[in-house]
Structure formats: structure tokens, C-alpha cells
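See below for the structure under consideration.
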Amino acid sequence: MRSTASRLLSAVFLLVAVLSVVVPFLALVSAALQPADTLAPRLTWPTDPQWGNFVTAWSMAGFGSLLASSAVIAVVVVPVAVICATLAGYAMGSMRVPAKGALFAFFIAGLTLPYEAIVVPLYFSMRSTGLIDTYWAVILPLIGAFMPFGIFWMRTHFESVPAEIIEAAQLDGAGRFRTLVQILLPGARPAITTYALLTFMWAWNQFLLALILIRDPSRRTAPSGLGTFVQQYGENIPLLAAGTIIVIAPIVILYFVFQRKFVAGLVQGALK
């Protein structure tokens with residue numbers, strides 16, 4: 001009886017979780033296909049779907065250049081952040097580093113630092129170095145902002161690796177770098193993939209830094225461009241819904257492509 005009740009409760013919980021994600025997404029798609037004069041879209045499939053709303057939103061908001069800017073930022077941030085976090089996590093998790101505990105606590109403290117607290121001094125720092133209105137003004141701060149979580153995530157993985165494996169590799173003549181590349185990285189793929197996907201999502205969704213540090217509206221990220229689009233066409237709900245779908249589509253596609261590895265990495269991290 002307890003086992004049946006537990007399975008039933010789990011099924012109900014999963015059903016509620018799925019509906020909480022699927023229903024808003026379907027409502028967004030339904031709203032994007034409604035006529036332009038629809039003020040209160042409902043969760044119903046329109047009799048005459050207005051697929052042209054996506055074309056109109058794309059051209060009016062200039063999503064072509066905005067998506068390209070988001071892609072450039074994310075494509076640079078992700079590999080650099082993954083490499084730095086992997087190397088630092090490897091050192092923190094399997095090496096004897098002086099003051100390792102204090103250093104790790106310093107990195108963890110970075111998780112509590114919000115963007116809003118540093119965006120003003122960051123603006124003046126970027127202006128003094130001549131990086132304002134360039135992609136580097138967003139790329140460099142994002143890499144630093146993602147390091148605390150990345151180091152924590154990768155350190156947790158490498159700490160779970162049995163010390164005997166590393167010692168055996170060293171006895172066979174493998175150095176620290178060779179041990180990492182040939183022995184540890186193959187088993188770290190789920191953790192690295194999960195961190196890479198999370199980093200891509202955070203970089204792609206960047207709004208505040210791009211809005212403040214990049215003056216040219218055409219070079220901002222897609223979410224910041226969507227914010228400007230909302231201010232201009234706030235009364236056209238179908239057009240706004242179409243623009244929102246355009247912005248989130250790359251993340252949704254990427255998740256579906258790598259969903260197994262993403263879930264495997266989350267489960268691996270939870271078990272550890």
C-alpha cells in the first residue's frame with residue numbers, strides 16, 4: 001500500500017511539474033498566432049493562425065543582429081568558462097593547494113554577489129579600458145561571474161573521483177595535466193556538459209550587462225533587445241509573444257538536443 005501510494009504521489013507530482021512547464025509554453029505559442037488586435041489571448045488554437053507575426057517581430061525588432069550578438073557572446077564565454085572552471089575545479093578537488101579552504105570560500109562568496117552591486121563600478125572600469133560598446137565589455141565580466149559556480153560544480157565532481165585512480169596514473173608516469181586529460185576528463189563529460197549548457201543559457205539570457213555596457217542597440221543581446229521591443233509594442237500581445245518565442249527558441253532546441261547528458265549531469269551531481 002505504501003509503495004502504491006508513493007508511486008501515485010510521484011506520478012501526480014511529475015504531472016503537475018510537466019503541466020506547469022507545458023501549459024505556459026502552449027499559451028505563449030497560442031498567443032503568438034492570434035490576430036494583432038487580440039488583447040487577451042486564450043489557450044486555444046486560432047482558427048486562422050497568423051504565422052506572419054514571427055516575420056513581423058523578426059524584422060521590426062531586428063532579431064537577426066540581436067541573436068548574432070547573443071551567439072557571439074555565448075560562443076566565447078562558454079568554452080573559456082568551461083576550461084577555467086575545469087582546471088580550477090581539478091586543482092581544488094584533487095591537489096594540495098596552499099590555503100585551499102580559504103581560497104574556495106572566497107570563490108563561493110562570489111555566488112552571493114549580485115550583478116546590481118557591481119554594474120556601476122564595472123561600467124567605469126570598462127570605460128577606462130576602452131571596452132564600452134564592445135562584446136568584450138560583456139564577455140569578460142560574464143566569465144568572471146560564472147567562475148564561482150563553475151569551480152564549485154567541477155570541484156564536487158573531482159572530489160568524488162577515487163584517489164587511487166589518480167595515484168595509479170601518477171605511478172605509471174602520468175603528470176598532472178596528462179592525468180586530467182586522459183584519465184579524468186572522459187568521466188567528467190556529464191558534469192562538463194551540464195555546466196556548459198547552464199553557462200550558455202545564462203550568457204544567452206544576459207540582459208542587464210548588455211543593456212548598460214553596450215550602447216549600440218543593434219549589438220545588444222536578444223533579451224535586452226526584447227526589452228526594448230516590449231517598450232515599443234507593449235500593446236501588441238501576439239507580436240510580443242512571437243518575439244519571446246524567437247528569443248527562447250535556441251535554448252529550447254539546445255536543451256532537447258543535449259537533454260540526456262544534461263539530466264545525467266544533474267543526477268550525477270545530486271548523487272555526489
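Scheme for the C-alpha cells: letters A, B, ... for chains in order shown; per-chain residue numbers from 1; ligand numbers from 1 in order shown.
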List every residue of region 92-160 of chain A that has an atom at most 9 Å from any atom of region 205-227 of chain A, giving for each one its closest atom pair and the distance in Å to one decimal, counting only C-alpha atoms, sorted by chain and then by ascending residue number, as a Markdown table.
| residue | atom | partner | partner_atom | distance |
| --- | --- | --- | --- | --- |
| A:Tyr115 | CA | A:Leu208 | CA | 8.0 |
| A:Glu116 | CA | A:Leu208 | CA | 8.4 |
| A:Val119 | CA | A:Leu209 | CA | 7.1 |
| A:Val120 | CA | A:Ile212 | CA | 8.9 |
| A:Leu122 | CA | A:Leu213 | CA | 8.6 |
| A:Tyr123 | CA | A:Leu213 | CA | 6.3 |
| A:Met126 | CA | A:Leu213 | CA | 7.9 |
| A:Arg127 | CA | A:Leu213 | CA | 8.7 |
| A:Leu131 | CA | A:Leu213 | CA | 8.5 |
| A:Ile132 | CA | A:Leu213 | CA | 5.6 |
| A:Asp133 | CA | A:Ile214 | CA | 4.0 |
| A:Thr134 | CA | A:Ile214 | CA | 6.4 |
| A:Tyr135 | CA | A:Ile214 | CA | 7.6 |
| A:Ala137 | CA | A:Leu213 | CA | 6.2 |
| A:Val138 | CA | A:Leu209 | CA | 6.2 |
| A:Pro141 | CA | A:Leu209 | CA | 8.6 |
| A:Leu142 | CA | A:Leu209 | CA | 8.7 |
In region 22-175 of chain A, DSSP alpha helix (DSSP H) residues written as a ChimeraX atom specification
/A:22-32,52-61,63-94,100-109,115-128,136-159,163-171
For Leu197 (chain A), please output as a ChimeraX atom specification all residues within 10 Å (counting only C-alpha atoms; exclusion window: fewer than 4 positions along the same chain).
/A:78,192-193,201-203,251,254-255,258-259,261-262
Nearest-residue call for Val75 (chain A), choices A:Ser59, A:Thr4, A:Thr179, A:Thr199, using only C-alpha atoms:
A:Thr199
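From CA of Gln34 (chain A) back to CA of Thr47 (chain A), the distance works out to 8.8 Å.
The space between CA of Ala85 (chain A) and CA of Met147 (chain A) spans 6.1 Å.
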Hey, what's within 10 Å of Ala196 (chain A) if we count only C-alpha atoms and toss same-chain stuff fewer than 6 positions away? As a ChimeraX atom specification, please?
/A:77-79,81-83,150,190,202,262
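Put simply, CA of Ala17 (chain A) is 24.5 Å away from CA of Trp204 (chain A).
Residues within 9 Å of Thr38 (chain A), counting only C-alpha atoms and excluding same-chain residues fewer than 4 positions away, are Ala31, Gln34, Asn236, Ile237 and Pro238 of chain A.
Residue nearest Gly144 (chain A), chosen from A:Pro186, A:Gln232, A:Leu15, A:Leu111 and counting only C-alpha atoms: A:Leu111.
Between Met154 (chain A) and the candidates A:Pro49, A:Gly93, A:Gly173, A:Gly243, the tightest atom-to-atom separation, counting only C-alpha atoms, involves A:Gly93.
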Using only C-alpha atoms, find the one residue out of A:Ile151, A:Val23, A:Ala88, A:Ala32 that sits nearest to Val55 (chain A).
A:Ala32
